[in-house]
>>> print(open('query.cif').read())   # mmCIF, C-alpha atoms
data_data
#
loop_
_atom_site.label_atom_id
_atom_site.label_comp_id
_atom_site.auth_asym_id
_atom_site.auth_seq_id
_atom_site.Cartn_x
_atom_site.Cartn_y
_atom_site.Cartn_z
CA MET A 1 68.67 65.35 124.00
CA GLY A 2 71.34 63.07 122.61
CA VAL A 3 69.77 62.82 119.17
CA ASP A 4 72.27 64.99 117.30
CA SER A 5 73.92 61.94 115.80
CA VAL A 6 70.76 61.01 113.90
CA VAL A 7 69.90 64.53 112.65
CA ASN A 8 70.52 65.00 108.95
CA ARG A 9 71.63 68.65 108.73
CA CYS A 10 71.79 68.50 104.95
CA SER A 11 68.15 67.59 104.47
CA GLY A 12 65.63 70.03 103.01
CA GLN A 13 63.40 69.69 106.05
CA TYR A 14 66.24 70.78 108.33
CA HIS A 15 66.73 73.92 106.24
CA VAL A 16 63.00 74.64 106.28
CA GLY A 17 63.13 74.35 110.07
CA GLN A 18 65.98 76.82 110.21
CA ILE A 19 64.12 79.33 108.06
CA VAL A 20 60.93 78.97 110.10
CA GLY A 21 62.95 79.53 113.27
CA VAL A 22 64.47 82.73 111.88
CA ILE A 23 61.03 83.98 110.78
CA HIS A 24 59.63 83.23 114.23
CA ALA A 25 62.43 85.10 115.96
CA THR A 26 62.00 88.08 113.63
CA ALA A 27 58.22 88.15 114.10
CA ILE A 28 58.47 87.90 117.88
CA GLY A 29 61.04 90.70 117.92
CA GLY A 30 58.86 92.88 115.70
CA ALA A 31 55.78 92.20 117.82
CA ALA A 32 57.66 93.10 120.98
CA GLY A 33 58.76 96.36 119.34
CA TYR A 34 55.19 97.06 118.28
CA ALA A 35 53.97 96.50 121.84
CA ARG A 36 56.69 98.78 123.19
CA ASN A 37 55.63 101.54 120.84
CA LEU A 38 51.99 101.14 121.93
CA ALA A 39 53.07 101.32 125.57
CA ARG A 40 54.99 104.52 124.86
CA ALA A 41 52.01 106.03 123.04
CA SER A 42 49.90 105.72 126.17
CA LEU A 43 52.42 107.39 128.47
CA PRO A 44 50.78 110.32 130.30
CA PRO A 45 52.03 113.91 130.07
CA ARG A 46 54.85 114.92 132.36
CA PHE A 47 55.87 118.17 133.97
CA ASN A 48 58.59 120.05 132.17
CA ARG A 49 59.34 123.72 132.73
CA LEU A 50 60.58 124.08 129.17
CA PHE A 51 57.12 123.52 127.67
CA TRP A 52 53.98 125.54 127.37
CA ARG A 53 52.20 125.50 130.72
CA HIS A 54 54.94 123.18 131.99
CA THR A 55 53.36 120.13 130.38
CA GLU A 56 55.18 117.84 127.98
CA TYR A 57 53.22 115.33 125.92
CA VAL A 58 54.16 112.25 123.94
CA ASP A 59 54.69 112.98 120.24
CA ALA A 60 54.59 110.62 117.31
CA SER A 61 57.87 110.96 115.44
CA HIS A 62 58.08 110.05 111.76
CA TRP A 63 60.95 107.86 110.64
CA ILE A 64 60.63 108.78 106.96
CA PRO A 65 59.55 112.44 106.92
CA ARG A 66 55.92 113.02 106.07
CA ARG A 67 56.85 115.58 103.41
CA SER A 68 58.85 112.89 101.55
CA LEU A 69 55.89 110.54 101.68
CA VAL A 70 53.58 113.28 100.39
CA ARG A 71 55.90 113.87 97.44
CA MET A 72 56.04 110.15 96.77
CA ALA A 73 52.24 109.88 96.96
CA GLN A 74 51.91 112.69 94.44
CA ARG A 75 53.93 110.65 91.98
CA ILE A 76 52.26 107.32 92.77
CA PRO A 77 48.54 108.03 93.38
CA ARG A 78 47.93 104.51 94.70
CA LEU A 79 49.96 105.42 97.78
CA ASN A 80 47.92 108.49 98.57
CA GLY A 81 46.11 107.17 101.63
CA ALA A 82 46.01 107.76 105.36
CA TRP A 83 47.83 104.51 106.11
CA PHE A 84 50.78 105.42 103.93
CA LEU A 85 51.03 109.05 105.02
CA LYS A 86 50.15 108.81 108.70
CA GLY A 87 50.24 105.10 109.49
CA ASN A 88 51.88 103.43 112.45
CA TRP A 89 54.37 101.69 110.20
CA ASN A 90 56.40 104.91 110.07
CA THR A 91 55.96 106.40 113.53
CA LYS A 92 57.61 106.04 116.87
CA HIS A 93 56.19 107.51 120.05
CA MET A 94 58.44 109.50 122.34
CA TYR A 95 58.32 112.52 124.60
CA ALA A 96 58.51 115.85 122.78
CA THR A 97 62.02 116.54 124.14
CA ASP A 98 63.38 113.37 122.56
CA HIS A 99 61.49 114.15 119.36
CA ALA A 100 62.87 117.69 119.06
CA LEU A 101 66.42 116.52 119.62
CA ILE A 102 66.31 114.12 116.67
CA ASP A 103 64.05 116.06 114.32
CA PRO A 104 65.05 119.59 113.27
CA TYR A 105 61.53 120.17 111.93
CA ARG A 106 60.06 119.55 115.37
CA TRP A 107 62.80 121.65 116.96
CA ARG A 108 61.61 124.72 115.05
CA PHE A 109 58.31 124.74 116.94
CA MET A 110 59.76 124.39 120.43
CA THR A 111 59.45 127.18 122.99
CA LYS A 112 62.17 129.74 123.57
CA ASP A 113 63.01 128.22 126.96
CA PHE A 114 63.55 124.85 125.37
CA LYS A 115 65.87 126.28 122.76
CA VAL A 116 67.83 128.18 125.37
CA TYR A 117 68.33 125.08 127.50
CA HIS A 118 69.12 122.78 124.60
CA ASN A 119 71.51 125.20 122.96
CA PRO A 120 74.64 123.84 121.28
CA HIS A 121 76.88 125.58 123.83
CA ASN A 122 75.48 123.61 126.74
CA PRO A 123 77.91 120.66 127.00
CA LYS A 124 75.37 118.56 128.84
CA VAL A 125 72.92 118.62 125.96
CA SER A 126 75.17 118.98 122.92
CA PRO A 127 73.52 117.84 119.66
CA LEU A 128 73.39 114.13 119.04
CA PRO A 129 75.54 112.72 116.22
CA VAL A 130 73.57 112.23 113.01
CA TRP A 131 73.86 108.44 113.07
CA LEU A 132 72.40 108.37 116.59
CA GLN A 133 69.56 110.69 115.58
CA GLN A 134 68.76 108.33 112.71
CA TRP A 135 68.95 105.28 114.97
CA LYS A 136 66.55 106.86 117.44
CA ARG A 137 64.07 107.64 114.67
CA ILE A 138 63.69 104.05 113.53
CA PRO A 139 60.42 102.56 114.82
CA ASP A 140 60.84 99.95 117.54
CA ARG A 141 59.29 97.17 115.48
CA TYR A 142 62.09 97.34 112.91
CA GLN A 143 64.83 97.62 115.50
CA TRP A 144 63.46 94.79 117.57
CA GLY A 145 62.57 92.80 114.47
CA ALA A 146 66.16 93.16 113.27
CA ALA A 147 67.38 92.07 116.69
CA GLY A 148 65.10 89.01 116.45
CA LEU A 149 66.40 88.31 112.96
CA ALA A 150 70.01 88.54 114.13
CA TYR A 151 69.25 86.25 117.06
CA GLY A 152 67.41 83.73 114.88
CA ALA A 153 70.07 83.79 112.16
CA SER A 154 72.92 83.40 114.63
CA SER A 155 71.12 80.55 116.40
CA SER A 156 70.58 78.73 113.12
CA GLN A 157 74.30 79.03 112.35
CA CYS A 158 75.40 77.64 115.69
CA ARG A 159 75.68 74.07 114.62
CA MET B 160 95.06 125.09 125.66
CA ASP B 161 94.80 125.03 129.41
CA ILE B 162 94.44 121.43 130.52
CA ARG B 163 93.05 122.52 133.90
CA TYR B 164 90.21 124.34 132.18
CA HIS B 165 89.22 121.19 130.31
CA LEU B 166 89.57 119.03 133.40
CA SER B 167 87.36 121.43 135.32
CA ASN B 168 84.73 121.34 132.56
CA PHE B 169 84.89 117.56 132.49
CA ARG B 170 84.47 117.35 136.26
CA ARG B 171 81.41 119.60 136.07
CA TRP B 172 79.95 117.46 133.31
CA ILE B 173 80.45 114.33 135.41
CA GLU B 174 78.88 116.02 138.45
CA ARG B 175 75.86 117.07 136.45
CA ARG B 176 75.48 113.49 135.27
CA ILE B 177 75.75 112.15 138.82
CA TYR B 178 73.15 114.57 140.15
CA GLU B 179 70.80 114.29 137.22
CA ARG B 180 68.47 112.01 139.16
CA LYS B 181 68.62 113.72 142.56
CA LEU B 182 69.33 116.99 144.29
CA ALA B 183 73.02 117.71 144.83
CA PRO B 184 74.35 117.96 148.43
CA LEU B 185 74.83 121.70 147.89
CA GLU B 186 71.16 122.15 146.97
CA GLN B 187 69.96 119.91 149.80
CA ALA B 188 71.88 122.00 152.33
CA ILE B 189 70.56 125.28 150.94
CA LEU B 190 66.97 124.00 150.78
CA ALA B 191 67.16 122.87 154.41
CA VAL B 192 67.92 126.47 155.37
CA LEU B 193 65.52 128.01 152.85
CA LEU B 194 62.29 126.05 153.37
CA PRO B 195 61.51 127.19 156.97
CA HIS B 196 61.40 130.79 155.65
CA LEU B 197 58.85 130.12 152.92
CA PRO B 198 55.03 130.11 153.21
CA LYS B 199 53.63 126.69 154.03
CA ILE B 200 51.75 126.40 150.75
CA LEU B 201 54.93 127.07 148.75
CA VAL B 202 56.99 124.64 150.86
CA GLU B 203 54.49 121.86 150.17
CA HIS B 204 54.50 122.76 146.48
CA ILE B 205 58.32 122.63 146.23
CA GLN B 206 58.51 119.40 148.22
CA GLN B 207 55.96 117.80 145.90
CA TRP B 208 57.95 119.00 142.92
CA VAL B 209 61.18 117.53 144.23
CA SER B 210 59.48 114.25 145.10
CA ILE B 211 58.06 113.74 141.60
CA ALA B 212 61.20 114.88 139.79
CA ASP B 213 62.43 112.23 137.42
CA ARG B 214 65.38 114.24 136.17
CA PHE B 215 67.02 117.54 137.02
CA LEU B 216 67.89 119.72 134.04
CA ARG B 217 71.08 121.67 134.64
CA THR B 218 72.72 124.46 132.75
CA ASP B 219 75.66 126.37 134.18
CA THR B 220 73.37 128.59 136.22
CA TRP B 221 69.89 127.09 136.18
CA VAL B 222 68.32 123.94 137.64
CA GLY B 223 64.93 122.79 136.38
CA MET B 224 63.02 119.54 136.70
CA VAL B 225 61.23 117.01 134.56
CA GLY B 226 58.50 115.10 136.38
CA LYS B 227 57.88 111.38 136.30
CA PRO B 228 55.29 110.44 133.65
CA GLY B 229 51.81 110.88 135.07
CA ALA B 230 53.02 112.26 138.40
CA HIS B 231 50.98 115.29 139.28
CA VAL B 232 51.65 118.45 141.28
CA LYS B 233 48.77 120.81 141.80
CA ARG B 234 49.49 124.13 140.15
CA LEU B 235 50.05 127.16 142.31
CA TYR B 236 48.53 130.10 140.44
CA LEU B 237 50.62 133.23 140.86
CA ASN B 238 50.42 136.79 139.57
CA ILE B 239 53.55 136.51 137.48
CA THR B 240 53.55 137.39 133.80
CA GLU B 241 55.65 135.76 131.11
CA GLU B 242 57.80 138.89 130.95
CA GLN B 243 58.69 138.52 134.64
CA THR B 244 59.47 134.82 134.28
CA PRO B 245 61.62 133.39 135.75
CA PHE B 246 60.71 135.40 138.82
CA ARG B 247 63.34 135.51 141.58
CA TYR B 248 61.44 135.07 144.82
CA VAL B 249 64.14 134.31 147.38
CA LYS B 250 67.87 134.97 147.44
CA ILE B 251 70.50 133.25 149.56
CA ARG B 252 74.18 134.11 149.55
CA PHE B 253 76.52 131.27 150.41
CA ARG B 254 80.18 130.41 150.44
CA ALA B 255 80.88 127.21 148.53
CA ALA B 256 83.62 124.65 149.13
CA ASP B 257 85.89 126.51 146.72
CA ARG B 258 85.75 129.49 149.18
CA ARG B 259 84.01 131.73 146.67
CA ASP B 260 80.72 133.53 147.27
CA TYR B 261 77.64 132.70 145.21
CA GLU B 262 73.98 133.60 145.12
CA PHE B 263 71.18 131.08 145.01
CA TYR B 264 67.66 132.03 143.87
CA CYS B 265 64.37 130.20 144.10
CA LEU B 266 62.44 130.85 140.88
CA LEU B 267 58.69 131.08 140.40
CA SER B 268 56.44 131.33 137.37
CA ALA B 269 52.71 131.83 136.77
CA PHE B 270 52.12 128.15 137.66
CA GLY B 271 54.29 127.91 140.76
CA PHE B 272 57.80 126.69 141.36
CA ALA B 273 60.14 127.02 138.37
CA GLY B 274 63.55 125.86 139.54
CA PHE B 275 66.71 127.28 141.06
CA GLU B 276 69.34 129.65 139.78
CA TYR B 277 73.00 130.20 140.69
CA SER B 278 74.81 133.45 140.13
CA PRO B 279 77.52 133.13 138.99
CA SER B 280 77.67 129.54 137.82
CA CYS B 281 78.50 127.31 140.80
CA PRO B 282 80.63 124.23 140.11
CA GLN B 283 80.70 122.84 143.67
CA LEU B 284 77.61 120.64 143.60
CA SER B 285 79.03 117.65 145.44
CA LYS B 286 79.99 119.46 148.65
CA PRO B 287 77.74 121.33 151.08
CA PRO B 288 78.44 125.06 151.42
CA LEU B 289 80.87 126.33 154.06
CA HIS B 290 78.60 129.16 155.12
CA ILE B 291 75.03 130.27 154.34
CA GLU B 292 73.83 133.82 154.96
CA PRO B 293 70.27 134.66 156.09
CA VAL B 294 67.44 134.18 153.61
CA GLU B 295 66.42 137.30 151.70
CA VAL B 296 62.79 137.27 150.51
CA LEU B 297 62.44 139.50 147.45
CA ALA B 298 58.64 139.70 147.08
CA ASP B 299 55.48 139.54 149.12
CA PHE B 300 54.00 136.11 148.58
CA THR B 301 50.49 137.15 149.60
CA GLN B 302 50.54 139.66 146.72
CA LEU B 303 51.73 136.98 144.33
CA LEU B 304 49.20 134.31 145.23
CA ARG B 305 46.15 134.22 142.99
CA GLN B 306 43.02 132.16 143.45
CA PRO B 307 41.58 131.11 140.10
CA GLU B 308 38.31 133.02 139.94
CA PRO B 309 35.41 132.35 137.62
CA ILE B 310 36.10 134.21 134.40
CA PRO B 311 32.96 135.69 132.86
CA LEU B 312 32.85 134.05 129.45
CA SER B 313 30.83 135.27 126.52
CA GLY B 314 30.50 134.97 122.77
CA TRP B 315 32.03 132.05 120.92
CA VAL B 316 34.52 131.37 123.73
CA ALA B 317 31.68 130.59 126.16
CA GLU B 318 30.15 128.23 123.61
CA TRP B 319 33.46 126.56 123.00
CA VAL B 320 34.28 126.07 126.69
CA SER B 321 30.87 124.58 127.43
CA GLN B 322 31.04 122.28 124.40
CA HIS B 323 34.54 121.00 125.14
CA ALA B 324 34.34 120.70 128.93
CA ILE B 325 37.40 122.83 129.67
CA ALA B 326 38.27 123.16 133.37
CA LEU B 327 38.13 126.59 135.00
CA GLU B 328 41.75 126.34 136.16
CA ASP B 329 42.92 125.87 132.62
CA ILE B 330 41.56 129.23 131.47
CA ALA B 331 44.00 132.10 131.97
CA PRO B 332 42.54 135.49 132.99
CA PRO B 333 42.70 138.24 130.36
CA LEU B 334 45.44 140.85 130.29
CA PRO B 335 44.62 144.60 130.33
CA GLU B 336 43.55 145.76 126.88
CA GLN B 337 46.34 148.34 126.60
CA LYS B 338 48.93 145.69 127.28
CA VAL B 339 47.42 143.34 124.71
CA LYS B 340 47.48 146.10 122.12
CA ARG B 341 51.06 147.00 122.96
CA LEU B 342 52.26 143.40 122.71
CA LEU B 343 50.47 142.78 119.43
CA ARG B 344 51.83 146.01 117.96
CA HIS B 345 55.33 145.16 119.16
CA ARG B 346 55.08 141.71 117.55
CA ARG B 347 53.56 143.19 114.37
CA LEU B 348 50.62 140.76 114.47
CA ASN B 349 47.42 141.33 112.56
CA LEU B 350 44.91 138.87 114.01
CA PRO B 351 41.32 137.91 113.17
CA ALA B 352 38.55 139.66 115.11
CA ASP B 353 37.45 136.47 116.90
CA TYR B 354 40.94 135.90 118.30
CA LEU B 355 40.98 139.50 119.59
CA GLU B 356 37.57 138.81 121.14
CA LEU B 357 39.11 135.75 122.85
CA LEU B 358 41.89 137.93 124.26
CA ARG B 359 39.31 140.29 125.76
CA ILE B 360 37.64 137.36 127.52
CA CYS B 361 40.63 135.23 128.54
CA ASP B 362 44.29 134.70 127.80
CA GLY B 363 44.21 131.17 126.45
CA PHE B 364 43.04 127.76 127.65
CA GLU B 365 43.87 124.08 127.53
CA GLY B 366 41.69 121.46 125.90
CA SER B 367 42.08 117.70 125.89
CA ASP B 368 45.09 117.33 123.60
CA TYR B 369 45.31 120.89 122.35
CA GLY B 370 45.89 124.34 123.76
CA VAL B 371 45.17 127.94 122.81
CA THR B 372 47.92 130.33 123.85
CA GLY B 373 47.04 133.81 124.92
CA VAL B 374 49.07 136.88 124.14
CA SER B 375 51.30 136.40 127.19
CA GLU B 376 52.10 132.77 126.42
CA MET B 377 52.39 132.66 122.63
CA TRP B 378 55.90 131.91 121.42
CA GLN B 379 57.82 132.76 118.32
CA VAL B 380 59.15 130.24 115.80
CA GLU B 381 61.23 130.84 112.73
CA VAL B 382 60.60 128.80 109.61
CA THR B 383 62.37 129.52 106.33
CA ASP B 384 63.26 133.10 107.27
CA THR B 385 59.68 133.95 108.28
CA ARG B 386 58.66 134.65 111.86
CA TRP B 387 55.48 133.03 113.14
CA TRP B 388 53.73 133.18 116.48
CA VAL B 389 52.08 130.04 117.81
CA LEU B 390 48.44 130.68 118.76
CA ALA B 391 47.36 127.07 119.25
CA GLU B 392 48.90 123.62 119.14
CA ARG B 393 47.70 120.06 119.11
CA ALA B 394 49.73 117.05 120.25
CA GLY B 395 52.97 118.81 119.37
CA ALA B 396 52.34 117.98 115.74
CA VAL B 397 50.14 120.69 114.28
CA PHE B 398 49.90 124.38 115.04
CA ILE B 399 47.85 127.47 114.32
CA VAL B 400 50.21 130.34 113.73
CA ALA B 401 50.10 134.01 112.78
CA ARG B 402 52.71 135.55 110.53
CA GLU B 403 54.67 138.53 111.79
CA GLY B 404 54.05 141.59 109.65
CA ASP B 405 51.04 140.09 107.87
CA GLN B 406 48.87 142.70 106.11
CA GLN B 407 45.64 140.69 106.40
CA PRO B 408 44.07 139.55 109.70
CA ARG B 409 44.47 135.81 109.24
CA VAL B 410 45.94 132.69 110.78
CA TYR B 411 47.51 129.58 109.28
CA TYR B 412 47.47 125.85 109.89
CA PHE B 413 50.99 124.44 110.02
CA HIS B 414 52.10 120.80 110.27
CA HIS B 415 55.51 120.73 111.93
CA GLU B 416 56.96 118.60 109.13
CA ASP B 417 55.98 120.99 106.35
CA GLU B 418 57.99 123.80 104.84
CA ALA B 419 54.99 126.14 104.75
CA PRO B 420 51.44 126.33 106.14
CA SER B 421 48.94 124.11 104.40
CA ALA B 422 45.75 126.10 105.11
CA GLU B 423 44.79 129.69 105.74
CA PHE B 424 41.83 131.11 107.71
CA ASN B 425 40.28 134.50 108.27
CA SER B 426 38.63 133.24 111.45
CA PHE B 427 40.51 131.80 114.43
CA ARG B 428 37.53 129.74 115.50
CA GLU B 429 37.38 128.03 112.11
CA ALA B 430 41.10 127.36 112.28
CA LEU B 431 40.72 125.87 115.77
CA GLN B 432 37.86 123.70 114.59
CA TYR B 433 39.99 122.53 111.69
CA LEU B 434 42.89 121.81 114.05
CA ILE B 435 40.97 119.55 116.38
CA ALA B 436 39.05 117.88 113.53
CA GLN B 437 42.22 116.50 111.94
CA PRO B 438 41.89 112.72 112.12
CA ASN B 439 44.64 110.23 112.75
CA LEU B 440 47.44 112.53 113.83
CA PRO B 441 50.37 112.86 113.17
#
>>> encode(input="query.cif", output="structure tokens")
Amino acid sequence: MGVDSVVNRCSGQYHVGQIVGVIHATAIGGAAGYARNLARASLPPRFNRLFWRHTEYVDASHWIPRRSLVRMAQRIPRLNGAWFLKGNWNTKHMYATDHALIDPYRWRFMTKDFKVYHNPHNPKVSPLPVWLQQWKRIPDRYQWGAAGLAYGASSSQCR
Amino acid sequence: MDIRYHLSNFRRWIERRIYERKLAPLEQAILAVLLPHLPKILVEHIQQWVSIADRFLRTDTWVGMVGKPGAHVKRLYLNITEEQTPFRYVKIRFRAADRRDYEFYCLLSAFGFAGFEYSPSCPQLSKPPLHIEPVEVLADFTQLLRQPEPIPLSGWVAEWVSQHAIALEDIAPPLPEQKVKRLLRHRRLNLPADYLELLRICDGFEGSDYGVTGVSEMWQVEVTDTRWWVLAERAGAVFIVAREGDQQPRVYYFHHEDEAPSAEFNSFREALQYLIAQPNLP
């Protein structure tokens, strides 16, 4: 716009603008992640021979395991509520196959056929590295929010 | 280490990746020969399956499919038990591009088409076969085909089905009593009387977001050195299980994230009620 020469980049207002921009980018990223998770939650079942009656549903996967939250809630009674233990803040929706491959506790309850197909000796479906399992567990809103934060922060550092 | 062995494995891995989203040329060529020999109803069923396939699952010898979300293929109800699954219905011998002979099977299960099988493992997916021998049908399809008939319901199961609007097709017919007894004894399961009553009436059913597995469909899971059999599940998160070798006739409520069951019931119906009453899953 040709006004760069009159912008005072050292002023307090300029810094406030930068911070607001970063917050906006983070919030938009987080909201997009939230919407993506909602869209995933409403995905219909799909056919999969490896599941009971050939039907695979969408699971809600916990990022922080529920058993850890229960233990924490036992120590801090104020946390002992449905929102903390079962709330959306900690869940990510995905098909049961994806869930079982990143959560050994879900894996235990899979059918025999599933375990035979996804056995460690099948090179096509070898176990995911731990860091990738952890990455896939993180709810979309945090991943996308972090992406928004990175975008906002890098934009504010451009000039 | 033999470098050729690793290169061959790598090539097979790449081929599987390439043909993950579609049928391989080898399979297309075999299906073209196979389909005219199958009953019309099965041909339509397989073609529907292939058309809705989102991904082909491949092991060294088996090819299965995962459907696109929401895509629907009408089930083909067949007289095939879990013990017979996967059921080899048709066999084709063929000579692949590597000049070796292989066998190709079309597999069926109680709900219709269940994939393909190679014997031995065939690595030549990308090239059509050199020669295909005549189709060999291994079973009489008219004997296999089963029309879902009204199952006479009674007792608490009848009440449950009418209350929860469960479709007729989703109720499996009961197994012979001797077979049920044999399977339960073999699995060392001591189950509540109302679950045994359910097994006399039907062999499991599907509800809205939950399912009750009959004796032919229940599967075993191992948690902390204890064997459990899944009798019902809801949304892949919570389960009703029975413990192998239990002295008392009882069932347990198990959240998949827990180390042990969180509730115990002497009645299966009560456990099922508890399962579907859990708010705000997971």
>>> interface_residues(input="query.cif", of="chain A", to="chain B", cutoff="8 Å", atoms="only C-alpha atoms", output="ChimeraX atom specification")
/A:43-49,52-53,57-60,65-67,82,86,96,105-106,108-112,117,122-124
>>> atom_distance(input="query.cif", atom1="CA of Val192 (chain B)", atom2="CA of His290 (chain B)")
11.0 Å
>>> resolve_selection(input="query.cif", expression="the PyMOL selection byres ((chain A and resi 97) around 9)", output="PDB file with C-alpha atoms, in the frame of the given file")
ATOM      1  CA  GLU A  56      55.180 117.840 127.980  1.00  0.00           C
ATOM      2  CA  VAL A  58      54.160 112.250 123.940  1.00  0.00           C
ATOM      3  CA  MET A  94      58.440 109.500 122.340  1.00  0.00           C
ATOM      4  CA  TYR A  95      58.320 112.520 124.600  1.00  0.00           C
ATOM      5  CA  ALA A  96      58.510 115.850 122.780  1.00  0.00           C
ATOM      6  CA  ASP A  98      63.380 113.370 122.560  1.00  0.00           C
ATOM      7  CA  HIS A  99      61.490 114.150 119.360  1.00  0.00           C
ATOM      8  CA  ALA A 100      62.870 117.690 119.060  1.00  0.00           C
ATOM      9  CA  LEU A 101      66.420 116.520 119.620  1.00  0.00           C
ATOM     10  CA  ILE A 102      66.310 114.120 116.670  1.00  0.00           C
ATOM     11  CA  TRP A 107      62.800 121.650 116.960  1.00  0.00           C
ATOM     12  CA  MET A 110      59.760 124.390 120.430  1.00  0.00           C
ATOM     13  CA  PHE A 114      63.550 124.850 125.370  1.00  0.00           C
TER      14      PHE A 114
END
>>> resolve_selection(input="query.cif", expression="the PyMOL selection byres ((chain A and resi 30-33) around 9)", output="JSON, numbers by chain")
{"A": [25, 26, 27, 28, 29, 34, 35, 36, 37, 38, 139, 140, 141, 142, 143, 144, 145, 146, 147, 148]}
>>> atom_distance(input="query.cif", atom1="CA of Gly152 (chain A)", atom2="CA of Ile138 (chain A)")
20.7 Å
>>> atom_distance(input="query.cif", atom1="CA of Leu128 (chain A)", atom2="CA of Asp161 (chain B)")
26.2 Å
>>> closest_residue(input="query.cif", among="A:Ser5, A:Trp135, A:His93, A:Gln18", to="Ser42 (chain A)", atoms="only C-alpha atoms")
A:His93
>>> residues_near_point(input="query.cif", point="(49.2, 134.5, 140.7)", cutoff="6 Å", atoms="all atoms listed in the file", output="list of chain:residue names")
B:Tyr236, B:Leu237, B:Asn238, B:Ile239, B:Ala269, B:Leu303, B:Leu304, B:Arg305
>>> resolve_selection(input="query.cif", expression="the PyMOL selection byres ((chain B and resi 363) around 12)", output="PyMOL selection string")
(chain A and resi 52-53) or (chain B and resi 310+316+320+325+327-334+354-362+364-366+369-377+389-392)
>>> closest_residue(input="query.cif", among="A:Arg78, A:Thr55, A:Trp63, A:Ile19", to="Lys136 (chain A)", atoms="all atoms listed in the file")
A:Trp63
